[in-house]
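The file start37.txt contains compact mmCIF, C-alpha atoms:
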```txt
# COMPACT_ATOMS: atom_id res chain seq x y z
CA MET I 9 157.27 163.10 -32.16
CA LEU I 10 154.20 164.01 -34.17
CA ASP I 11 154.32 167.39 -35.91
CA PRO I 12 152.18 169.81 -33.86
CA ALA I 13 150.65 170.96 -37.16
CA VAL I 14 149.10 167.50 -37.54
CA VAL I 15 147.54 167.82 -34.09
CA LEU I 16 146.22 171.30 -34.92
CA PHE I 17 144.77 169.90 -38.13
CA ALA I 18 142.82 167.30 -36.11
CA ASN I 19 141.68 170.06 -33.75
CA ASP I 20 140.53 172.16 -36.71
CA ALA I 21 138.67 169.15 -38.12
CA PHE I 22 136.73 168.94 -34.86
CA TYR I 23 135.63 172.58 -35.04
CA ILE I 24 134.82 172.37 -38.75
CA ALA I 25 132.56 169.37 -38.03
CA PHE I 26 131.05 171.31 -35.11
CA ASN I 27 130.41 174.46 -37.14
CA ASN I 28 129.01 172.54 -40.10
CA ARG I 29 126.83 170.37 -37.84
CA ASP I 30 128.41 167.50 -39.73
CA PHE I 31 127.49 164.42 -37.73
CA GLU I 32 129.35 161.99 -39.97
CA ALA I 33 132.60 163.93 -39.64
CA MET I 34 132.07 164.24 -35.89
CA GLU I 35 131.40 160.52 -35.55
CA ALA I 36 134.50 159.70 -37.61
CA LEU I 37 136.83 161.65 -35.38
CA TRP I 38 135.88 160.17 -32.02
CA SER I 39 137.95 157.21 -30.80
CA ARG I 40 136.68 153.69 -31.26
CA GLU I 41 139.21 151.76 -29.15
CA ALA I 42 140.27 154.17 -26.43
CA PRO I 43 137.48 155.04 -23.94
CA PRO I 44 136.35 158.59 -24.70
CA VAL I 45 135.15 161.36 -22.37
CA CYS I 46 133.19 164.44 -23.46
CA ILE I 47 132.24 167.29 -21.12
CA HIS I 48 130.09 169.93 -22.79
CA PRO I 49 129.87 173.20 -20.85
CA GLY I 50 127.54 172.67 -17.92
CA TRP I 51 126.82 169.04 -18.81
CA ARG I 52 127.65 165.93 -16.89
CA PRO I 53 130.61 164.00 -18.29
CA LEU I 54 129.66 161.61 -21.08
CA VAL I 55 131.79 158.50 -20.91
CA THR I 56 130.69 156.20 -23.69
CA ARG I 57 131.01 156.65 -27.44
CA ASP I 58 127.24 156.11 -27.82
CA ASP I 59 126.35 158.81 -25.27
CA ILE I 60 128.85 161.19 -26.82
CA LEU I 61 127.51 160.69 -30.34
CA ASP I 62 123.93 161.08 -29.07
CA SER I 63 124.94 164.42 -27.54
CA TRP I 64 126.27 165.66 -30.88
CA ARG I 65 123.06 164.54 -32.59
CA GLU I 66 121.15 166.57 -29.99
CA ILE I 67 123.40 169.62 -30.32
CA PHE I 68 123.31 169.52 -34.12
CA GLY I 69 119.53 169.07 -34.06
CA ASN I 70 119.02 172.10 -31.83
CA ALA I 71 118.42 175.23 -33.89
CA ASP I 72 119.73 177.35 -31.01
CA GLY I 73 122.88 175.26 -30.69
CA ALA I 74 126.33 176.73 -31.01
CA THR I 75 127.67 177.54 -34.45
CA GLY I 76 130.13 180.10 -35.69
CA ILE I 77 132.76 178.97 -33.22
CA SER I 78 136.23 180.30 -33.89
CA THR I 79 139.27 179.12 -32.00
CA HIS I 80 142.18 181.15 -30.71
CA ALA I 81 145.64 180.62 -29.26
CA PRO I 82 145.72 176.83 -29.57
CA ARG I 83 148.51 175.23 -27.59
CA VAL I 84 149.69 171.70 -28.38
CA VAL I 85 151.21 169.46 -25.74
CA SER I 86 152.22 165.98 -26.86
CA GLN I 87 153.09 163.33 -24.32
CA ALA I 88 153.76 159.78 -25.45
CA THR I 89 150.77 158.77 -27.59
CA LEU I 90 148.44 161.52 -26.40
CA HIS I 91 148.21 164.92 -28.04
CA THR I 92 146.45 167.69 -26.18
CA VAL I 93 145.23 170.99 -27.56
CA VAL I 94 144.12 173.73 -25.18
CA CYS I 95 142.39 176.57 -27.02
CA TYR I 96 139.87 179.33 -26.59
CA GLU I 97 136.49 178.94 -28.27
CA GLN I 98 134.86 182.21 -29.32
CA LEU I 99 131.09 181.82 -29.63
CA PRO I 100 128.47 184.42 -30.46
CA GLY I 101 127.45 184.36 -26.78
CA GLY I 102 130.86 184.44 -25.13
CA TRP I 103 134.13 182.66 -24.62
CA LEU I 104 134.96 179.15 -23.54
CA VAL I 105 138.23 177.41 -22.94
CA ALA I 106 138.56 173.86 -24.21
CA THR I 107 140.83 170.89 -23.76
CA ASN I 108 140.87 168.45 -26.67
CA ILE I 109 142.92 165.27 -26.46
CA PHE I 110 143.71 163.09 -29.44
CA VAL I 111 145.21 159.62 -29.74
CA MET I 112 146.48 157.83 -32.85
CA GLU I 113 144.15 155.01 -33.89
CA ALA I 114 144.33 153.20 -37.21
CA GLY I 115 146.72 155.80 -38.57
CA GLU I 116 144.60 158.83 -37.75
CA LEU I 117 144.27 161.15 -34.78
CA ARG I 118 141.01 160.57 -32.97
CA MET I 119 139.50 162.48 -30.10
CA ILE I 120 139.36 160.79 -26.72
CA HIS I 121 138.66 163.83 -24.55
CA HIS I 122 136.82 167.12 -24.95
CA GLN I 123 136.04 169.51 -22.13
CA ALA I 124 134.80 173.03 -22.70
CA GLY I 125 134.06 175.40 -19.87
CA GLN I 126 133.31 179.06 -19.29
CA CYS I 127 136.13 181.54 -19.51
CA MET I 128 135.43 184.89 -17.90
CA ASN I 129 138.64 186.50 -19.18
CA PRO I 130 139.00 186.01 -22.90
CA PRO I 131 142.40 186.68 -24.43
CA ASP I 132 143.09 189.96 -26.10
CA LEU I 133 144.86 189.92 -29.40
CA ASP I 134 148.25 190.77 -27.95
CA GLU I 135 148.12 187.96 -25.47
CA GLU I 136 146.82 185.61 -28.10
CA LEU I 137 149.74 186.44 -30.31
CA GLN I 138 152.04 186.02 -27.36
CA MET I 139 150.65 182.57 -26.56
CA ALA I 140 150.76 181.48 -30.18
CA LEU I 141 154.42 182.45 -30.34
CA GLN I 142 155.44 180.66 -27.15
CA MET M 8 148.85 148.80 -16.70
CA LEU M 9 148.89 150.89 -13.57
CA ASP M 10 146.35 149.91 -10.92
CA PRO M 11 143.47 152.43 -11.10
CA ALA M 12 143.64 152.62 -7.29
CA VAL M 13 147.09 154.21 -7.63
CA VAL M 14 145.66 156.84 -9.96
CA LEU M 15 142.77 157.52 -7.57
CA PHE M 16 145.30 157.86 -4.75
CA ALA M 17 147.11 160.60 -6.73
CA ASN M 18 143.76 162.26 -7.43
CA ASP M 19 142.91 162.15 -3.71
CA ALA M 20 146.32 163.63 -2.88
CA PHE M 21 145.48 166.59 -5.11
CA TYR M 22 142.18 167.29 -3.31
CA ILE M 23 143.74 166.76 0.13
CA ALA M 24 146.40 169.35 -0.75
CA PHE M 25 143.64 171.64 -2.08
CA ASN M 26 141.44 171.28 1.01
CA ASN M 27 144.36 171.71 3.39
CA ARG M 28 145.69 174.71 1.43
CA ASP M 29 148.97 172.79 1.54
CA PHE M 30 151.19 174.58 -0.95
CA GLU M 31 154.16 172.24 -0.49
CA ALA M 32 152.05 169.19 -1.24
CA MET M 33 150.47 170.96 -4.22
CA GLU M 34 153.86 171.97 -5.57
CA ALA M 35 155.20 168.44 -5.17
CA LEU M 36 152.45 166.86 -7.22
CA TRP M 37 152.72 169.04 -10.34
CA SER M 38 154.94 167.75 -13.14
CA ARG M 39 158.46 169.05 -13.51
CA GLU M 40 159.38 167.57 -16.90
CA ALA M 41 156.11 167.34 -18.80
CA PRO M 42 154.58 170.74 -19.69
CA PRO M 43 151.58 171.26 -17.40
CA VAL M 44 148.24 172.98 -18.05
CA CYS M 45 145.85 174.21 -15.34
CA ILE M 46 142.42 175.68 -16.05
CA HIS M 47 140.66 176.92 -12.93
CA PRO M 48 136.92 177.53 -13.40
CA GLY M 49 136.50 180.77 -15.31
CA TRP M 50 140.25 181.42 -15.53
CA ARG M 51 142.43 181.55 -18.59
CA PRO M 52 144.57 178.45 -19.08
CA LEU M 53 147.84 178.55 -17.17
CA VAL M 54 150.57 176.84 -19.14
CA THR M 55 153.76 177.09 -17.12
CA ARG M 56 154.66 175.46 -13.82
CA ASP M 57 155.47 178.89 -12.35
CA ASP M 58 152.11 180.40 -13.32
CA ILE M 59 150.29 177.34 -12.03
CA LEU M 60 152.07 177.42 -8.67
CA ASP M 61 151.46 181.16 -8.39
CA SER M 62 147.74 180.49 -8.91
CA TRP M 63 147.69 178.00 -6.04
CA ARG M 64 149.50 180.49 -3.81
CA GLU M 65 146.81 183.02 -4.70
CA ILE M 66 143.95 180.57 -4.14
CA PHE M 67 145.38 179.33 -0.84
CA GLY M 68 145.97 182.92 0.29
CA ASN M 69 142.40 183.96 -0.45
CA ALA M 70 140.20 183.59 2.63
CA ASP M 71 137.17 183.17 0.40
CA GLY M 72 138.84 180.46 -1.67
CA ALA M 73 137.37 177.03 -2.08
CA THR M 74 137.77 174.52 0.72
CA GLY M 75 135.68 171.58 1.82
CA ILE M 76 135.72 170.07 -1.66
CA SER M 77 134.53 166.51 -1.83
CA THR M 78 134.81 164.41 -4.96
CA HIS M 79 132.31 161.99 -6.40
CA ALA M 80 132.12 159.29 -9.05
CA PRO M 81 135.76 159.42 -10.13
CA ARG M 82 136.40 157.60 -13.38
CA VAL M 83 139.92 156.51 -14.34
CA VAL M 84 141.01 156.17 -17.95
CA SER M 85 144.60 155.11 -18.53
CA GLN M 86 146.15 155.40 -21.96
CA ALA M 87 149.84 154.64 -22.44
CA THR M 88 151.69 156.77 -19.87
CA LEU M 89 148.82 159.15 -19.13
CA HIS M 90 146.23 158.52 -16.48
CA THR M 91 143.07 160.61 -16.52
CA VAL M 92 140.53 161.02 -13.74
CA VAL M 93 137.19 162.66 -14.46
CA CYS M 94 135.28 163.43 -11.27
CA TYR M 95 132.68 165.72 -9.80
CA GLU M 96 133.81 168.32 -7.28
CA GLN M 97 131.22 169.22 -4.65
CA LEU M 98 131.89 172.67 -3.20
CA PRO M 99 129.88 174.63 -0.65
CA GLY M 100 128.71 176.86 -3.51
CA GLY M 101 127.86 174.24 -6.12
CA TRP M 102 129.17 171.50 -8.34
CA LEU M 103 132.03 171.37 -10.79
CA VAL M 104 133.27 168.66 -13.07
CA ALA M 105 137.03 168.19 -13.31
CA THR M 106 139.53 166.46 -15.53
CA ASN M 107 142.83 165.60 -13.86
CA ILE M 108 145.62 164.00 -15.86
CA PHE M 109 148.66 162.40 -14.30
CA VAL M 110 151.93 161.16 -15.76
CA MET M 111 154.62 159.02 -14.13
CA GLU M 112 157.75 161.05 -13.37
CA ALA M 113 160.61 159.87 -11.17
CA GLY M 114 158.51 156.98 -9.94
CA GLU M 115 155.51 159.02 -8.87
CA LEU M 116 152.32 160.18 -10.53
CA ARG M 117 152.40 163.89 -11.16
CA MET M 118 149.69 166.15 -12.46
CA ILE M 119 150.08 167.58 -15.94
CA HIS M 120 146.52 168.76 -16.52
CA HIS M 121 143.69 170.08 -14.39
CA GLN M 122 140.50 171.61 -15.75
CA ALA M 123 137.48 172.29 -13.59
CA GLY M 124 134.28 173.77 -14.96
CA GLN M 125 130.71 174.40 -13.93
CA CYS M 126 128.32 171.49 -13.86
CA MET M 127 124.67 172.42 -13.82
CA ASN M 128 123.45 168.86 -13.29
CA PRO M 129 125.20 167.24 -10.36
CA PRO M 130 124.92 163.48 -10.00
CA ASP M 131 122.39 161.98 -7.68
CA LEU M 132 123.44 159.14 -5.48
CA ASP M 133 121.98 156.45 -7.69
CA GLU M 134 123.76 157.67 -10.76
CA GLU M 135 126.96 158.15 -8.82
CA LEU M 136 126.79 154.56 -7.68
CA GLN M 137 126.04 153.50 -11.20
CA MET M 138 129.07 155.37 -12.58
CA ALA M 139 131.34 154.07 -9.86
CA LEU M 140 130.30 150.52 -10.71
CA GLN M 141 130.83 150.84 -14.47
```

Let me see whether you can do it: turn the structure in this file into structure tokens.
Amino acid sequence: MLDPAVVLFANDAFYIAFNNRDFEAMEALWSREAPPVCIHPGWRPLVTRDDILDSWREIFGNADGATGISTHAPRVVSQATLHTVVCYEQLPGGWLVATNIFVMEAGELRMIHHQAGQCMNPPDLDEELQMALQ
Amino acid sequence: MLDPAVVLFANDAFYIAFNNRDFEAMEALWSREAPPVCIHPGWRPLVTRDDILDSWREIFGNADGATGISTHAPRVVSQATLHTVVCYEQLPGGWLVATNIFVMEAGELRMIHHQAGQCMNPPDLDEELQMALQ
């Protein structure tokens, strides 16, 4: 069983790349072998690596794009070779809830699934603490 | 490798239970061993079987709840023991995009993850056909 801290590290790497608009880091962390899926909030699902990377180029190139995302109450669920993190994303404009799924490829965890969607009821700190301690 | 048709059958069973407000069928298809996650559109993530089943009781008991959902352009991605379906949900009030993940337990596919979120750009028939044929 993979240490959940390793999965959280991969999840953090995703948000660091996102916040830094670091395309190279973002490209590096998406899967090459396993077929990836990326569902940005409100977008259609993107189901090829090329379409997914194009979307990040577009998001990073958009001056109004999301930055300053912080994550809260991440929850790791590992099942066989897949490692899922469900977490809240706090953006300047509101809250989202995201599912991020990672798979081990070539000795590193790579993302094969990202879906972020609106969350009308963000956590409060008590609940966040409660979830983190579960 | 599991036949994708078997995965689609499990996905259909989920929406049939949903449309029929069939709590017993819904209860039967959620995982018992693997820790499940359910993210209804706009809701906080539910991360226990009890909370998830309570949410379905609430949804099925709500006269204004969603029914008449039809699904479009399902895409199956199997990876080790996890089988993911990404599909559009067409509701009377609009479109959602959903991720449904199934795992084999006791010889049947059971749901361990459901996330549905808003989709501002529903597929048109041509694209749907195109995705289905990929």

Output as number ranges by chain the set of chain M residues within 8 Å of chain I, with distances taken over only C-alpha atoms. M: 41-42, 48-52, 84, 86-89, 93, 104, 123-130

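Excluding Phe31 of chain I itself and same-chain residues fewer than 5 positions from it, the residues having an atom within 8 Å of it are Ala25, Trp64, Arg65 and Phe68 of chain I, counting only C-alpha atoms.
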
Overlay target chain I, mobile chain M, all C-alpha paired in order, as a PDB file with C-alpha atoms, in the frame of the given file:
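Written file, part.pdb:
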```pdb
ATOM      1  CA  MET M   8     157.246 163.148 -32.149  1.00  0.00           C
ATOM      2  CA  LEU M   9     154.189 164.031 -34.159  1.00  0.00           C
ATOM      3  CA  ASP M  10     154.305 167.400 -35.912  1.00  0.00           C
ATOM      4  CA  PRO M  11     152.164 169.833 -33.869  1.00  0.00           C
ATOM      5  CA  ALA M  12     150.636 170.979 -37.176  1.00  0.00           C
ATOM      6  CA  VAL M  13     149.089 167.512 -37.539  1.00  0.00           C
ATOM      7  CA  VAL M  14     147.527 167.837 -34.098  1.00  0.00           C
ATOM      8  CA  LEU M  15     146.201 171.313 -34.925  1.00  0.00           C
ATOM      9  CA  PHE M  16     144.758 169.898 -38.148  1.00  0.00           C
ATOM     10  CA  ALA M  17     142.800 167.306 -36.110  1.00  0.00           C
ATOM     11  CA  ASN M  18     141.670 170.066 -33.749  1.00  0.00           C
ATOM     12  CA  ASP M  19     140.508 172.158 -36.723  1.00  0.00           C
ATOM     13  CA  ALA M  20     138.654 169.142 -38.129  1.00  0.00           C
ATOM     14  CA  PHE M  21     136.717 168.924 -34.867  1.00  0.00           C
ATOM     15  CA  TYR M  22     135.602 172.578 -35.030  1.00  0.00           C
ATOM     16  CA  ILE M  23     134.805 172.352 -38.754  1.00  0.00           C
ATOM     17  CA  ALA M  24     132.555 169.358 -38.023  1.00  0.00           C
ATOM     18  CA  PHE M  25     131.028 171.299 -35.102  1.00  0.00           C
ATOM     19  CA  ASN M  26     130.392 174.454 -37.142  1.00  0.00           C
ATOM     20  CA  ASN M  27     128.999 172.515 -40.087  1.00  0.00           C
ATOM     21  CA  ARG M  28     126.816 170.359 -37.809  1.00  0.00           C
ATOM     22  CA  ASP M  29     128.400 167.481 -39.723  1.00  0.00           C
ATOM     23  CA  PHE M  30     127.487 164.403 -37.715  1.00  0.00           C
ATOM     24  CA  GLU M  31     129.356 161.969 -39.971  1.00  0.00           C
ATOM     25  CA  ALA M  32     132.581 163.919 -39.637  1.00  0.00           C
ATOM     26  CA  MET M  33     132.059 164.226 -35.876  1.00  0.00           C
ATOM     27  CA  GLU M  34     131.412 160.511 -35.542  1.00  0.00           C
ATOM     28  CA  ALA M  35     134.500 159.672 -37.586  1.00  0.00           C
ATOM     29  CA  LEU M  36     136.842 161.656 -35.386  1.00  0.00           C
ATOM     30  CA  TRP M  37     135.889 160.153 -32.011  1.00  0.00           C
ATOM     31  CA  SER M  38     137.964 157.208 -30.804  1.00  0.00           C
ATOM     32  CA  ARG M  39     136.695 153.688 -31.266  1.00  0.00           C
ATOM     33  CA  GLU M  40     139.223 151.769 -29.156  1.00  0.00           C
ATOM     34  CA  ALA M  41     140.278 154.186 -26.435  1.00  0.00           C
ATOM     35  CA  PRO M  42     137.494 155.043 -23.943  1.00  0.00           C
ATOM     36  CA  PRO M  43     136.359 158.600 -24.701  1.00  0.00           C
ATOM     37  CA  VAL M  44     135.156 161.363 -22.365  1.00  0.00           C
ATOM     38  CA  CYS M  45     133.177 164.440 -23.456  1.00  0.00           C
ATOM     39  CA  ILE M  46     132.233 167.286 -21.123  1.00  0.00           C
ATOM     40  CA  HIS M  47     130.068 169.915 -22.788  1.00  0.00           C
ATOM     41  CA  PRO M  48     129.860 173.201 -20.854  1.00  0.00           C
ATOM     42  CA  GLY M  49     127.526 172.679 -17.921  1.00  0.00           C
ATOM     43  CA  TRP M  50     126.800 169.047 -18.821  1.00  0.00           C
ATOM     44  CA  ARG M  51     127.641 165.939 -16.880  1.00  0.00           C
ATOM     45  CA  PRO M  52     130.598 164.010 -18.282  1.00  0.00           C
ATOM     46  CA  LEU M  53     129.661 161.607 -21.056  1.00  0.00           C
ATOM     47  CA  VAL M  54     131.810 158.506 -20.896  1.00  0.00           C
ATOM     48  CA  THR M  55     130.698 156.204 -23.685  1.00  0.00           C
ATOM     49  CA  ARG M  56     131.013 156.633 -27.437  1.00  0.00           C
ATOM     50  CA  ASP M  57     127.247 156.117 -27.809  1.00  0.00           C
ATOM     51  CA  ASP M  58     126.354 158.804 -25.261  1.00  0.00           C
ATOM     52  CA  ILE M  59     128.855 161.191 -26.806  1.00  0.00           C
ATOM     53  CA  LEU M  60     127.504 160.685 -30.325  1.00  0.00           C
ATOM     54  CA  ASP M  61     123.942 161.060 -29.056  1.00  0.00           C
ATOM     55  CA  SER M  62     124.946 164.410 -27.530  1.00  0.00           C
ATOM     56  CA  TRP M  63     126.266 165.645 -30.873  1.00  0.00           C
ATOM     57  CA  ARG M  64     123.059 164.531 -32.583  1.00  0.00           C
ATOM     58  CA  GLU M  65     121.149 166.540 -29.986  1.00  0.00           C
ATOM     59  CA  ILE M  66     123.391 169.599 -30.319  1.00  0.00           C
ATOM     60  CA  PHE M  67     123.313 169.502 -34.122  1.00  0.00           C
ATOM     61  CA  GLY M  68     119.530 169.062 -34.065  1.00  0.00           C
ATOM     62  CA  ASN M  69     119.005 172.061 -31.807  1.00  0.00           C
ATOM     63  CA  ALA M  70     118.382 175.214 -33.841  1.00  0.00           C
ATOM     64  CA  ASP M  71     119.718 177.307 -30.984  1.00  0.00           C
ATOM     65  CA  GLY M  72     122.892 175.240 -30.711  1.00  0.00           C
ATOM     66  CA  ALA M  73     126.319 176.740 -31.029  1.00  0.00           C
ATOM     67  CA  THR M  74     127.658 177.532 -34.476  1.00  0.00           C
ATOM     68  CA  GLY M  75     130.128 180.096 -35.719  1.00  0.00           C
ATOM     69  CA  ILE M  76     132.762 178.971 -33.232  1.00  0.00           C
ATOM     70  CA  SER M  77     136.211 180.303 -33.902  1.00  0.00           C
ATOM     71  CA  THR M  78     139.261 179.121 -32.008  1.00  0.00           C
ATOM     72  CA  HIS M  79     142.160 181.148 -30.718  1.00  0.00           C
ATOM     73  CA  ALA M  80     145.626 180.619 -29.284  1.00  0.00           C
ATOM     74  CA  PRO M  81     145.694 176.832 -29.578  1.00  0.00           C
ATOM     75  CA  ARG M  82     148.505 175.250 -27.608  1.00  0.00           C
ATOM     76  CA  VAL M  83     149.677 171.712 -28.388  1.00  0.00           C
ATOM     77  CA  VAL M  84     151.209 169.469 -25.750  1.00  0.00           C
ATOM     78  CA  SER M  85     152.215 165.995 -26.874  1.00  0.00           C
ATOM     79  CA  GLN M  86     153.070 163.335 -24.335  1.00  0.00           C
ATOM     80  CA  ALA M  87     153.756 159.778 -25.477  1.00  0.00           C
ATOM     81  CA  THR M  88     150.764 158.773 -27.622  1.00  0.00           C
ATOM     82  CA  LEU M  89     148.430 161.526 -26.432  1.00  0.00           C
ATOM     83  CA  HIS M  90     148.222 164.915 -28.045  1.00  0.00           C
ATOM     84  CA  THR M  91     146.448 167.692 -26.175  1.00  0.00           C
ATOM     85  CA  VAL M  92     145.219 170.997 -27.558  1.00  0.00           C
ATOM     86  CA  VAL M  93     144.115 173.742 -25.190  1.00  0.00           C
ATOM     87  CA  CYS M  94     142.373 176.572 -27.026  1.00  0.00           C
ATOM     88  CA  TYR M  95     139.851 179.333 -26.596  1.00  0.00           C
ATOM     89  CA  GLU M  96     136.476 178.947 -28.281  1.00  0.00           C
ATOM     90  CA  GLN M  97     134.844 182.209 -29.346  1.00  0.00           C
ATOM     91  CA  LEU M  98     131.075 181.816 -29.645  1.00  0.00           C
ATOM     92  CA  PRO M  99     128.451 184.425 -30.476  1.00  0.00           C
ATOM     93  CA  GLY M 100     127.435 184.354 -26.804  1.00  0.00           C
ATOM     94  CA  GLY M 101     130.846 184.449 -25.145  1.00  0.00           C
ATOM     95  CA  TRP M 102     134.120 182.669 -24.626  1.00  0.00           C
ATOM     96  CA  LEU M 103     134.954 179.157 -23.545  1.00  0.00           C
ATOM     97  CA  VAL M 104     138.224 177.420 -22.939  1.00  0.00           C
ATOM     98  CA  ALA M 105     138.551 173.858 -24.214  1.00  0.00           C
ATOM     99  CA  THR M 106     140.818 170.887 -23.762  1.00  0.00           C
ATOM    100  CA  ASN M 107     140.861 168.448 -26.671  1.00  0.00           C
ATOM    101  CA  ILE M 108     142.914 165.272 -26.468  1.00  0.00           C
ATOM    102  CA  PHE M 109     143.701 163.095 -29.447  1.00  0.00           C
ATOM    103  CA  VAL M 110     145.202 159.629 -29.756  1.00  0.00           C
ATOM    104  CA  MET M 111     146.488 157.846 -32.861  1.00  0.00           C
ATOM    105  CA  GLU M 112     144.159 155.025 -33.916  1.00  0.00           C
ATOM    106  CA  ALA M 113     144.338 153.205 -37.243  1.00  0.00           C
ATOM    107  CA  GLY M 114     146.716 155.820 -38.579  1.00  0.00           C
ATOM    108  CA  GLU M 115     144.590 158.836 -37.748  1.00  0.00           C
ATOM    109  CA  LEU M 116     144.257 161.153 -34.781  1.00  0.00           C
ATOM    110  CA  ARG M 117     141.007 160.570 -32.974  1.00  0.00           C
ATOM    111  CA  MET M 118     139.495 162.477 -30.107  1.00  0.00           C
ATOM    112  CA  ILE M 119     139.363 160.795 -26.721  1.00  0.00           C
ATOM    113  CA  HIS M 120     138.651 163.830 -24.557  1.00  0.00           C
ATOM    114  CA  HIS M 121     136.816 167.111 -24.957  1.00  0.00           C
ATOM    115  CA  GLN M 122     136.032 169.502 -22.123  1.00  0.00           C
ATOM    116  CA  ALA M 123     134.794 173.021 -22.705  1.00  0.00           C
ATOM    117  CA  GLY M 124     134.061 175.422 -19.876  1.00  0.00           C
ATOM    118  CA  GLN M 125     133.297 179.067 -19.299  1.00  0.00           C
ATOM    119  CA  CYS M 126     136.117 181.553 -19.531  1.00  0.00           C
ATOM    120  CA  MET M 127     135.425 184.906 -17.961  1.00  0.00           C
ATOM    121  CA  ASN M 128     138.629 186.508 -19.230  1.00  0.00           C
ATOM    122  CA  PRO M 129     139.020 186.014 -22.955  1.00  0.00           C
ATOM    123  CA  PRO M 130     142.422 186.694 -24.475  1.00  0.00           C
ATOM    124  CA  ASP M 131     143.139 189.979 -26.125  1.00  0.00           C
ATOM    125  CA  LEU M 132     144.964 189.981 -29.392  1.00  0.00           C
ATOM    126  CA  ASP M 133     148.332 190.791 -27.892  1.00  0.00           C
ATOM    127  CA  GLU M 134     148.180 187.968 -25.424  1.00  0.00           C
ATOM    128  CA  GLU M 135     146.881 185.611 -28.068  1.00  0.00           C
ATOM    129  CA  LEU M 136     149.843 186.445 -30.246  1.00  0.00           C
ATOM    130  CA  GLN M 137     152.112 186.010 -27.290  1.00  0.00           C
ATOM    131  CA  MET M 138     150.692 182.553 -26.504  1.00  0.00           C
ATOM    132  CA  ALA M 139     150.830 181.475 -30.118  1.00  0.00           C
ATOM    133  CA  LEU M 140     154.501 182.430 -30.246  1.00  0.00           C
ATOM    134  CA  GLN M 141     155.498 180.607 -27.052  1.00  0.00           C
TER     135      GLN M 141
END
```

Distance query Trp37 of chain M at most 8 Å, all atoms listed in the file, self and fewer than 3 positions along chain excluded, as a ChimeraX atom specification: /M:33-34,43,56,117-119

Residues at most 12 Å from Arg29 of chain I, counting all atoms listed in the file, excluding those fewer than 5 positions away in the same chain, as a PyMOL selection string? chain I and resi 21-24+34-35+64-71+73-77

By how many Å are atom CA of Pro82 of chain I and atom CA of Phe17 of chain I apart? 11.1 Å

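For the pair atom CA of Glu97 of chain I and atom CA of His80 of chain I, the separation is 6.6 Å.
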
Could you tell me how far atom CA of Glu112 of chain M sits from atom CA of Asp11 of chain I, in Å to one decimal place? 23.7 Å

Take every atom of segment 18-34 of chain M listed in the file, pad by 4 Å on each side, and give me the axis-aligned box centre and edge lengths in Å, one decimal, as AutoDock Vina command-line options.
```
--center_x 147.8 --center_y 168.4 --center_z -2.0 --size_x 20.7 --size_y 20.6 --size_z 18.8
```
